[in-house]
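Listing of structure-v9.tsv, TSV, C-alpha atoms and all ligand atoms
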```tsv
chain	number	residue	atom	x	y	z
A	8	MET	CA	-13.58	42.11	-15.67
A	9	SER	CA	-14.16	38.38	-15.83
A	10	ASP	CA	-17.10	36.74	-14.06
A	11	VAL	CA	-14.94	33.70	-13.33
A	12	SER	CA	-13.40	33.86	-9.87
A	13	LEU	CA	-11.21	31.31	-8.09
A	14	PRO	CA	-12.97	29.35	-5.34
A	15	SER	CA	-12.35	30.72	-1.86
A	16	PRO	CA	-10.54	28.28	0.44
A	17	SER	CA	-13.83	27.41	2.16
A	18	GLU	CA	-15.31	26.40	-1.22
A	19	ALA	CA	-12.30	24.34	-2.30
A	20	ARG	CA	-13.37	20.85	-3.31
A	21	THR	CA	-11.83	17.86	-1.59
A	22	ALA	CA	-10.91	14.46	-3.04
A	23	ALA	CA	-9.57	11.44	-1.16
A	24	VAL	CA	-7.02	9.03	-2.64
A	25	ILE	CA	-7.04	5.62	-0.95
A	26	PRO	CA	-3.98	3.45	-1.64
A	27	ALA	CA	-5.29	-0.11	-1.29
A	28	ALA	CA	-2.88	-2.06	-3.48
A	29	GLY	CA	-0.72	-3.63	-0.75
A	30	ARG	CA	-0.62	-7.38	-0.23
A	31	GLY	CA	-0.68	-7.14	3.58
A	32	VAL	CA	1.98	-9.81	4.10
A	33	ARG	CA	2.23	-9.10	7.85
A	34	LEU	CA	-1.45	-10.01	8.22
A	35	GLY	CA	-0.72	-13.58	7.11
A	36	PRO	CA	-1.72	-15.48	3.96
A	37	GLY	CA	-4.98	-14.62	2.17
A	38	ALA	CA	-6.57	-11.97	-0.02
A	39	PRO	CA	-4.94	-8.52	-0.40
A	40	LYS	CA	-5.30	-6.74	2.94
A	41	ALA	CA	-7.82	-4.13	1.78
A	42	LEU	CA	-10.19	-6.87	0.60
A	43	ARG	CA	-10.21	-8.78	3.88
A	44	ALA	CA	-13.45	-8.60	5.80
A	45	LEU	CA	-14.13	-6.80	9.05
A	46	ASN	CA	-17.48	-7.94	10.41
A	47	GLY	CA	-18.35	-9.23	6.94
A	48	THR	CA	-17.52	-6.00	5.05
A	49	PRO	CA	-14.20	-5.55	3.21
A	50	MET	CA	-11.76	-3.25	5.00
A	51	LEU	CA	-11.60	-1.08	1.89
A	52	ILE	CA	-15.34	-0.40	2.00
A	53	HIS	CA	-15.03	0.71	5.63
A	54	ALA	CA	-12.18	3.04	4.59
A	55	VAL	CA	-14.12	4.47	1.63
A	56	ARG	CA	-17.16	5.04	3.86
A	57	ALA	CA	-14.95	6.77	6.43
A	58	MET	CA	-13.84	9.28	3.76
A	59	ALA	CA	-17.30	9.64	2.21
A	60	ALA	CA	-18.72	10.31	5.69
A	61	SER	CA	-17.21	13.79	5.45
A	62	ARG	CA	-19.60	16.10	3.62
A	63	ALA	CA	-16.57	17.90	2.20
A	64	VAL	CA	-15.34	14.85	0.26
A	65	SER	CA	-16.99	14.63	-3.16
A	66	LEU	CA	-14.59	12.21	-4.92
A	67	VAL	CA	-12.83	9.07	-3.75
A	68	VAL	CA	-10.05	7.56	-5.88
A	69	VAL	CA	-9.36	3.96	-4.90
A	70	VAL	CA	-5.99	2.57	-5.93
A	71	ALA	CA	-6.62	-1.17	-6.27
A	72	PRO	CA	-4.30	-4.17	-6.50
A	73	PRO	CA	-3.36	-4.27	-10.24
A	74	ASP	CA	-5.00	-7.69	-10.64
A	75	GLY	CA	-8.05	-6.69	-8.59
A	76	THR	CA	-9.35	-3.53	-10.25
A	77	ALA	CA	-12.51	-5.17	-11.61
A	78	GLU	CA	-13.20	-6.84	-8.26
A	79	VAL	CA	-12.86	-3.52	-6.42
A	80	LYS	CA	-15.23	-1.81	-8.87
A	81	THR	CA	-17.77	-4.57	-8.30
A	82	LEU	CA	-17.38	-4.20	-4.52
A	83	LEU	CA	-17.93	-0.44	-4.64
A	84	ASP	CA	-21.05	-0.96	-6.79
A	85	ALA	CA	-22.38	-3.54	-4.35
A	86	HIS	CA	-22.07	-1.45	-1.18
A	87	ALA	CA	-24.24	1.54	-0.37
A	88	LEU	CA	-22.23	4.75	-0.39
A	89	PRO	CA	-23.46	8.35	-0.16
A	90	GLU	CA	-24.93	9.74	-3.39
A	91	ARG	CA	-22.93	12.96	-3.14
A	92	THR	CA	-19.65	11.06	-3.55
A	93	ASP	CA	-18.15	9.92	-6.87
A	94	PHE	CA	-15.72	7.02	-7.20
A	95	VAL	CA	-12.84	6.16	-9.49
A	96	VAL	CA	-10.77	2.98	-9.38
A	97	VAL	CA	-7.22	2.82	-10.77
A	98	PRO	CA	-4.57	0.08	-10.62
A	99	GLY	CA	-1.75	0.49	-8.08
A	100	GLY	CA	2.02	0.15	-8.26
A	101	ASP	CA	4.89	-1.69	-6.59
A	102	SER	CA	5.19	0.69	-3.63
A	103	ARG	CA	2.70	2.73	-1.62
A	104	GLN	CA	4.31	5.88	-3.01
A	105	GLU	CA	3.82	4.72	-6.59
A	106	SER	CA	0.21	3.75	-5.86
A	107	VAL	CA	-0.52	7.21	-4.44
A	108	LYS	CA	1.08	8.79	-7.53
A	109	TYR	CA	-1.22	6.77	-9.82
A	110	GLY	CA	-4.17	7.93	-7.73
A	111	LEU	CA	-3.10	11.57	-8.05
A	112	ASP	CA	-2.70	11.13	-11.82
A	113	ALA	CA	-6.40	10.17	-11.97
A	114	LEU	CA	-7.64	13.32	-10.18
A	115	PRO	CA	-9.73	15.57	-12.42
A	116	PRO	CA	-9.25	19.36	-12.23
A	117	GLY	CA	-11.22	21.31	-9.65
A	118	PHE	CA	-10.11	19.47	-6.52
A	119	ASP	CA	-7.81	21.79	-4.61
A	120	ILE	CA	-7.57	19.75	-1.42
A	121	VAL	CA	-6.41	16.14	-1.49
A	122	LEU	CA	-6.56	13.62	1.33
A	123	VAL	CA	-4.43	10.49	1.19
A	124	HIS	CA	-5.85	7.72	3.36
A	125	ASP	CA	-4.60	4.17	3.90
A	126	ALA	CA	-7.20	1.49	3.20
A	127	ALA	CA	-5.54	-0.20	6.17
A	128	ARG	CA	-7.05	2.44	8.52
A	129	PRO	CA	-10.73	1.53	8.06
A	130	LEU	CA	-12.11	3.03	11.27
A	131	VAL	CA	-10.93	6.64	11.30
A	132	PRO	CA	-13.78	8.77	12.72
A	133	VAL	CA	-15.29	11.50	10.53
A	134	ASP	CA	-14.32	14.19	13.07
A	135	THR	CA	-10.65	13.41	12.42
A	136	VAL	CA	-11.20	13.59	8.64
A	137	ASP	CA	-12.97	16.94	9.02
A	138	ALA	CA	-10.28	18.34	11.31
A	139	VAL	CA	-7.62	17.57	8.69
A	140	ILE	CA	-9.66	19.21	5.89
A	141	GLU	CA	-10.37	22.24	8.10
A	142	ALA	CA	-6.66	22.79	8.80
A	143	VAL	CA	-5.86	22.69	5.05
A	144	ARG	CA	-8.75	25.11	4.37
A	145	ASP	CA	-7.29	27.38	7.02
A	146	GLY	CA	-4.09	27.61	4.99
A	147	ALA	CA	-1.78	24.74	6.03
A	148	PRO	CA	-0.24	23.15	2.89
A	149	ALA	CA	0.16	19.76	4.62
A	150	VAL	CA	-1.65	18.33	7.66
A	151	VAL	CA	-1.21	15.03	9.47
A	152	PRO	CA	-3.29	13.57	12.28
A	153	ALA	CA	-1.13	12.08	15.01
A	154	VAL	CA	-1.26	10.70	18.54
A	155	PRO	CA	1.27	10.66	21.40
A	156	LEU	CA	3.20	7.41	21.92
A	157	ALA	CA	2.55	4.93	24.70
A	158	ASP	CA	5.91	3.17	24.25
A	159	THR	CA	9.36	4.65	24.63
A	160	VAL	CA	11.13	4.47	21.25
A	161	LYS	CA	14.78	3.43	20.71
A	162	GLU	CA	16.77	4.06	17.58
A	163	VAL	CA	18.94	0.98	16.89
A	164	GLU	CA	21.55	-0.22	14.48
A	165	PRO	CA	19.39	-2.80	12.64
A	166	ALA	CA	20.77	-6.37	12.75
A	167	ALA	CA	21.58	-8.11	9.49
A	168	LEU	CA	19.57	-11.18	10.55
A	169	ALA	CA	16.18	-11.30	12.26
A	170	GLY	CA	16.40	-12.32	15.90
A	171	GLN	CA	19.95	-11.00	16.49
A	172	SER	CA	20.49	-8.39	19.20
A	173	GLU	CA	20.70	-4.78	18.02
A	174	PRO	CA	22.78	-2.00	19.64
A	175	VAL	CA	20.81	1.04	20.80
A	176	VAL	CA	21.94	4.26	19.13
A	177	ALA	CA	19.64	6.80	20.78
A	178	THR	CA	16.44	7.32	22.80
A	179	PRO	CA	14.44	10.29	21.45
A	180	GLU	CA	12.46	12.18	24.10
A	181	ARG	CA	9.04	10.50	24.03
A	182	ALA	CA	7.08	13.67	24.76
A	183	ARG	CA	8.29	15.15	21.47
A	184	LEU	CA	7.30	12.13	19.35
A	185	ARG	CA	3.97	11.46	17.61
A	186	ALA	CA	2.64	8.39	15.81
A	187	VAL	CA	1.31	9.62	12.49
A	188	GLN	CA	-1.97	8.43	10.96
A	189	THR	CA	-4.06	9.10	7.89
A	190	PRO	CA	-5.90	10.79	6.24
A	191	GLN	CA	-3.11	13.25	5.59
A	192	GLY	CA	-4.39	16.40	3.90
A	193	PHE	CA	-2.68	18.59	1.32
A	194	ASP	CA	-2.99	21.55	-0.87
A	195	ARG	CA	-3.08	19.68	-4.19
A	196	ALA	CA	-0.30	21.63	-5.92
A	197	THR	CA	2.07	21.02	-2.98
A	198	LEU	CA	1.42	17.27	-2.94
A	199	LEU	CA	1.89	17.01	-6.72
A	200	ARG	CA	5.18	18.89	-6.49
A	201	ALA	CA	6.33	16.53	-3.69
A	202	HIS	CA	5.49	13.43	-5.75
A	203	GLU	CA	7.28	14.85	-8.77
A	204	SER	CA	10.49	15.78	-6.97
A	205	VAL	CA	11.04	13.21	-4.19
A	206	THR	CA	12.25	9.86	-5.47
A	207	GLU	CA	13.59	8.01	-2.43
A	208	ASP	CA	11.33	5.62	-0.53
A	209	VAL	CA	9.13	7.16	2.15
A	210	THR	CA	6.42	5.68	4.36
A	211	ASP	CA	4.05	8.64	4.32
A	212	ASP	CA	3.20	11.53	2.02
A	213	ALA	CA	3.87	14.32	4.51
A	214	SER	CA	7.55	13.38	4.71
A	215	MET	CA	7.84	14.11	0.96
A	216	VAL	CA	6.42	17.57	1.57
A	217	GLU	CA	8.87	18.03	4.46
A	218	GLN	CA	11.69	17.27	2.03
A	219	LEU	CA	10.52	20.21	-0.12
A	220	GLY	CA	11.04	22.44	2.93
A	221	VAL	CA	7.30	23.16	3.11
A	222	PRO	CA	5.84	23.22	6.65
A	223	VAL	CA	3.73	20.27	7.79
A	224	VAL	CA	1.45	20.58	10.81
A	225	VAL	CA	-0.02	17.97	13.14
A	226	VAL	CA	-3.64	17.91	14.34
A	227	PRO	CA	-4.95	15.49	16.97
A	228	GLY	CA	-5.45	11.99	15.59
A	229	HIS	CA	-7.68	9.29	17.08
A	230	GLU	CA	-7.03	5.91	18.69
A	231	GLU	CA	-9.56	4.31	16.31
A	232	ALA	CA	-7.52	5.44	13.29
A	233	PHE	CA	-4.93	2.71	13.97
A	234	LYS	CA	-3.48	0.77	11.03
A	235	VAL	CA	-4.59	-2.85	10.62
A	236	THR	CA	-1.24	-4.54	10.12
A	237	ARG	CA	-1.04	-7.75	12.15
A	238	PRO	CA	-3.63	-10.42	13.01
A	239	LEU	CA	-4.28	-8.91	16.46
A	240	ASP	CA	-5.30	-5.63	14.80
A	241	LEU	CA	-8.20	-7.45	13.11
A	242	VAL	CA	-9.46	-8.53	16.55
A	243	LEU	CA	-9.20	-4.94	17.81
A	244	ALA	CA	-10.95	-3.55	14.70
A	245	GLU	CA	-13.88	-5.94	15.13
A	246	ALA	CA	-14.10	-5.00	18.81
A	247	VAL	CA	-14.27	-1.30	17.86
A	248	LEU	CA	-17.07	-2.04	15.39
A	249	ALA	CA	-18.95	-4.06	18.02
A	250	ARG	CA	-18.61	-1.15	20.49
A	251	ARG	CA	-19.92	1.29	17.87
A	252	ARG	CA	-22.92	-0.93	17.19
A	253	LEU	CA	-23.69	-1.11	20.91
A	254	ASN	CA	-23.38	2.68	21.28
A	255	ASP	CA	-25.53	3.27	18.18
A	256	GLY	CA	-28.19	0.97	19.67
A	257	PHE	CA	-28.72	3.17	22.74
B	1	LIG	O1	2.28	-1.57	3.79
B	1	LIG	P1	1.58	-0.49	4.52
B	1	LIG	O2	0.73	-1.03	5.64
B	1	LIG	O3	2.43	0.67	4.94
B	1	LIG	O4	0.54	0.08	3.47
B	1	LIG	C1	-0.20	1.25	3.72
B	1	LIG	C2	-1.25	1.41	2.63
B	1	LIG	O5	-0.63	1.50	1.36
B	1	LIG	C3	-2.21	0.22	2.58
B	1	LIG	O6	-3.53	0.72	2.49
B	1	LIG	C4	-1.77	-0.52	1.32
B	1	LIG	O7	-2.84	-1.18	0.66
B	1	LIG	C5	-1.21	0.60	0.45
B	1	LIG	N1	-0.22	0.14	-0.54
B	1	LIG	C6	-0.47	0.37	-1.90
B	1	LIG	N2	0.42	-0.08	-2.86
B	1	LIG	C7	1.53	-0.77	-2.49
B	1	LIG	C8	1.79	-1.00	-1.11
B	1	LIG	C9	0.89	-0.52	-0.16
B	1	LIG	O8	-1.50	0.97	-2.25
B	1	LIG	N3	2.34	-1.21	-3.45
```
Represent the supplied structure as structure tokens.
Ligand code: C5P
Amino acid sequence: MSDVSLPSPSEARTAAVIPAAGRGVRLGPGAPKALRALNGTPMLIHAVRAMAASRAVSLVVVVAPPDGTAEVKTLLDAHALPERTDFVVVPGGDSRQESVKYGLDALPPGFDIVLVHDAARPLVPVDTVDAVIEAVRDGAPAVVPAVPLADTVKEVEPAALAGQSEPVVATPERARLRAVQTPQGFDRATLLRAHESVTEDVTDDASMVEQLGVPVVVVPGHEEAFKVTRPLDLVLAEAVLARRRLNDGF
């Protein structure tokens, strides 16, 4: 009999891949979105710290803008991060999907659970990160944090030109809809298979797993895990940080 045994699910090691190679055009002109500052610290550093805050995460793979890899390495060296967490920086691709794939390619063996987390969601609380990891450890191959919607959503026939009116096609029942956040958590083999077999454009990783016919489950997300996309989101993110500082002070 061999002494070597497979890790039990509770011992499975977790890595986080952070796609951070987007330009962030909707945020207006300036540096790539992930490198823009929130309260003086680059958004990417907030996002890396949010992943490293989970004691389960022992490796963070940052997928940097292809022309900014050296700058991102310098940034990571310059900011204090937990000692238990290792970091790797790789250059990204033309789409988010491609960037995530490059991040997965850089994962060493031994990490059986993989989180994929947008650099553009710098403020996700550690409890949300841990809840996602826990659900994967409990046996779910794919887990997404999500929140109910405030707005009613219409499906439309998109207009050819911006500003034109658009016919409504359908109104899905709001109570059955969820806005999906990150980190999304996966059994590594399932996520790799999804990235190898799904080629059409998607906006999140879980939808690739859905296309394999593998079940995806939702756990409660958090309002502070919102995606920084437009200029107003920067104002909101700084307000959240200010509120945290106040709460930490008392
Ligand atoms: O564009 P969007 O806001 O959906 O981007 C989500 C995340 O994917 C961001 O963190 C962004 O930096 C990343 N991304 C990437 N490579 C691309 C495009 C987006 O890593 N080519």
### Query
Residues at most 6 Å from Ala22 of chain A, counting only C-alpha atoms, excluding those fewer than 4 positions away in the same chain, as a ChimeraX atom specification?
/A:64,66-67,121
### At most 9 Å from ligand LIG 1 (chain B) (all atoms listed in the file): residue list as JSON, numbers by chain
{"A": [25, 26, 27, 28, 29, 30, 31, 32, 33, 39, 40, 41, 51, 69, 70, 71, 72, 98, 99, 100, 101, 102, 103, 104, 105, 106, 107, 124, 125, 126, 127, 128, 210, 211, 234, 235, 236]}
#### Entry: Distance query Phe94 of chain A at most 12 Å, only C-alpha atoms, self and fewer than 6 positions along chain excluded, as a PyMOL selection string
chain A and resi 22-25+52+55-56+58-59+64-70+79-84+88+110+113-115
### Nearest residue to Val216 of chain A from the set A:Val139, A:Val187, A:Ala149, A:Val160 (distances using only C-alpha atoms)
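Going through A:Val139, A:Val187, A:Ala149, A:Val160 one by one, the smallest distance to Val216 of chain A is for A:Ala149.
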### Query
At what distance in Å, to one decimal, does atom CA of Leu122 of chain A lie from atom CA of Gln191 of chain A?
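Between atom CA of Gln191 of chain A and atom CA of Leu122 of chain A the gap works out to 5.5 Å.
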### Message
Can you tell me which residues surround Val226 of chain A at a distance of at most 9 Å, considering all atoms listed in the file, apart from same-chain residues fewer than 4 positions away, and format the answer as a count of residues only?
### Response
9
### Query
Pick from A:Leu111, A:Val163, A:Ala38, A:Ala246: nearest to Val176 of chain A, with all atoms listed in the file counted?
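So, comparing all the options, the nearest one is A:Val163.
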### Message
From the options A:Leu45, A:Leu184, A:Ala196, A:Leu34, which residue's atoms come nearest to Ala244 of chain A, counting all atoms listed in the file?
### Response
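Closest to Ala244 of chain A of all the choices is A:Leu45.
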### Query
What gap, in Å, lies between atom CA of Val175 of chain A and atom CA of Lys161 of chain A?
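Atom-to-atom, atom CA of Val175 of chain A and atom CA of Lys161 of chain A are spaced 6.5 Å apart.
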#### Entry: Best match for closeness to Glu217 of chain A among A:Thr159, A:Pro148, A:Glu164, A:Gln171, counting only C-alpha atoms
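Distance minimum relative to Glu217 of chain A lands on A:Pro148.
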### Query
What lies within 8 Å of Ile140 of chain A using all atoms listed in the file, ignoring chain neighbours under 4 positions off, as a list of chain:residue names?
A:Thr21, A:Ala63, A:Ile120, A:Leu122, A:Val136, A:Arg144, A:Gly192
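Comparing A:Val225, A:Ala167, A:Leu156, A:Ala249 by their smallest distance to Arg181 of chain A, the closest is A:Leu156 (using all atoms listed in the file).
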### Atomic distance atom CA of Thr92 of chain A - atom CA of Ala57 of chain A, expressed in Å with one decimal
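These two atoms are separated by 11.8 Å.
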